[in-house]
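Inspection log for the structure reproduced underneath, given as structure tokens.
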Amino acid sequence: MNAAILRGLVVMALQGKTAAGANVFSPQDWSTSEDMYPAILVQTGFEEKQSLGRSAPQFNTVTTVSISGRLQKQDSAEANDGAMKAQLALESLRLEIERATINSYDLTRQIQQFKSIRSRIDLNTTGEGHMAQLSMEMDIEYYQGPEDFYPVESVPLEGVDTTIKMPDGTTEPMVTVDLPQ
């Protein structure tokens, strides 16, 4: 397990499980356009490893998964309610993101815990509509051991030579083992 694998698992957990549908991007530049909304962007920018001892390289690793949900809502003809619609849509998106990630079997079976989840909602009314962004950070903890740092390099086994020591004066047996390829 590493940050790239974790990011991929979060993206898989979110695709098709939120109002953003398939508009879950990673890696993706942070610039987006109205035709993409609602959209979710996923990045893993911060990671911390806590050693589990001095012998082998073993760590409890915490990767911060940054999730940005974006959408835009217009005021209706009869009311100036675009900001309220954007706020409600982001609150719903936040809940969908939490449920999709926390309930993802593929993700949760490979981690130790969701250490913390932080979120913030921002609304901006400088454009034609009400641009809204949800910023979430999930601190996800998982184990990393020697297998994550030392790839096993091996030479293919082509044969086995066996010698059996027999007492003096007896015939030495010969054994040949052919290994299928």
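Chain labels follow the order of the structure tokens: the first chain is A, the next B, and so on; residue numbering restarts at 1 in every chain, and ligands are counted from 1 in their shown order.
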
Original post:
In chain A, what's helix (DSSP H, G or I) per DSSP? Answer as a count of residues only?
Top reply: 44

Go through region 43-75 of chain A residue by residue and, counting only C-alpha atoms, keep those with an atom at most 10 Å from region 93-98 of chain A; for each kept residue give the shortest atom pair and its distance in Å to one decimal, ordered by chain and increasing number, as a Markdown table.
```
| residue | atom | partner | partner_atom | distance |
| --- | --- | --- | --- | --- |
| A:Ile67 | CA | A:Ile97 | CA | 8.8 |
| A:Ser68 | CA | A:Arg94 | CA | 9.8 |
| A:Gly69 | CA | A:Leu93 | CA | 7.4 |
| A:Arg70 | CA | A:Leu93 | CA | 9.3 |
| A:Leu71 | CA | A:Leu93 | CA | 9.8 |
```

**OP:** Tell me which of A:Ala79, A:Leu88, A:Met36, A:Ala132 sits closest to Ala20 (chain A), counting only C-alpha atoms.
**Re:** A:Met36

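Considering only C-alpha atoms, the residue among A:Gln112, A:Thr171, A:Gln58, A:Gln72 positioned nearest to Ala39 (chain A) is A:Gln72.
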
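With distances restricted to only C-alpha atoms, A:Gly145 is the closest residue to Thr61 (chain A) from A:Gly82, A:Gly8, A:Pro156, A:Gly145.
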
Original post:
Which one of A:Met166, A:Ala83, A:Val62, A:Ile111 sits closest to Lys49 (chain A) if you count only C-alpha atoms?
Top reply: A:Val62

**OP:** Pull the strand (DSSP E or B) assignments for region 16-152 of chain A out of DSSP run on the backbone, and list those residues as a PyMOL selection string.
**Re:** chain A and resi 24-25+39-51+59-73+76+79+113-124+130-144

Original post:
Within 12 Å of Glu141 (chain A), counting only C-alpha atoms, which residues qualify if same-chain residues fewer than 6 places away don't, as a list in words?
Top reply: Met1, Asn2, Ala3, Leu6, Glu47, Glu48, Lys49, Gln50, Phe59, Asn60, Thr61, Val62, Thr63, Thr64, Val65, Leu107, Thr108, Arg109, Gln110, Ile111, Gln112, Gln113, Phe114, Lys115, Ser116 and Ile117 of chain A

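Counting from CA of Thr32 (chain A), the distance to CA of Ile140 (chain A) is 26.3 Å.
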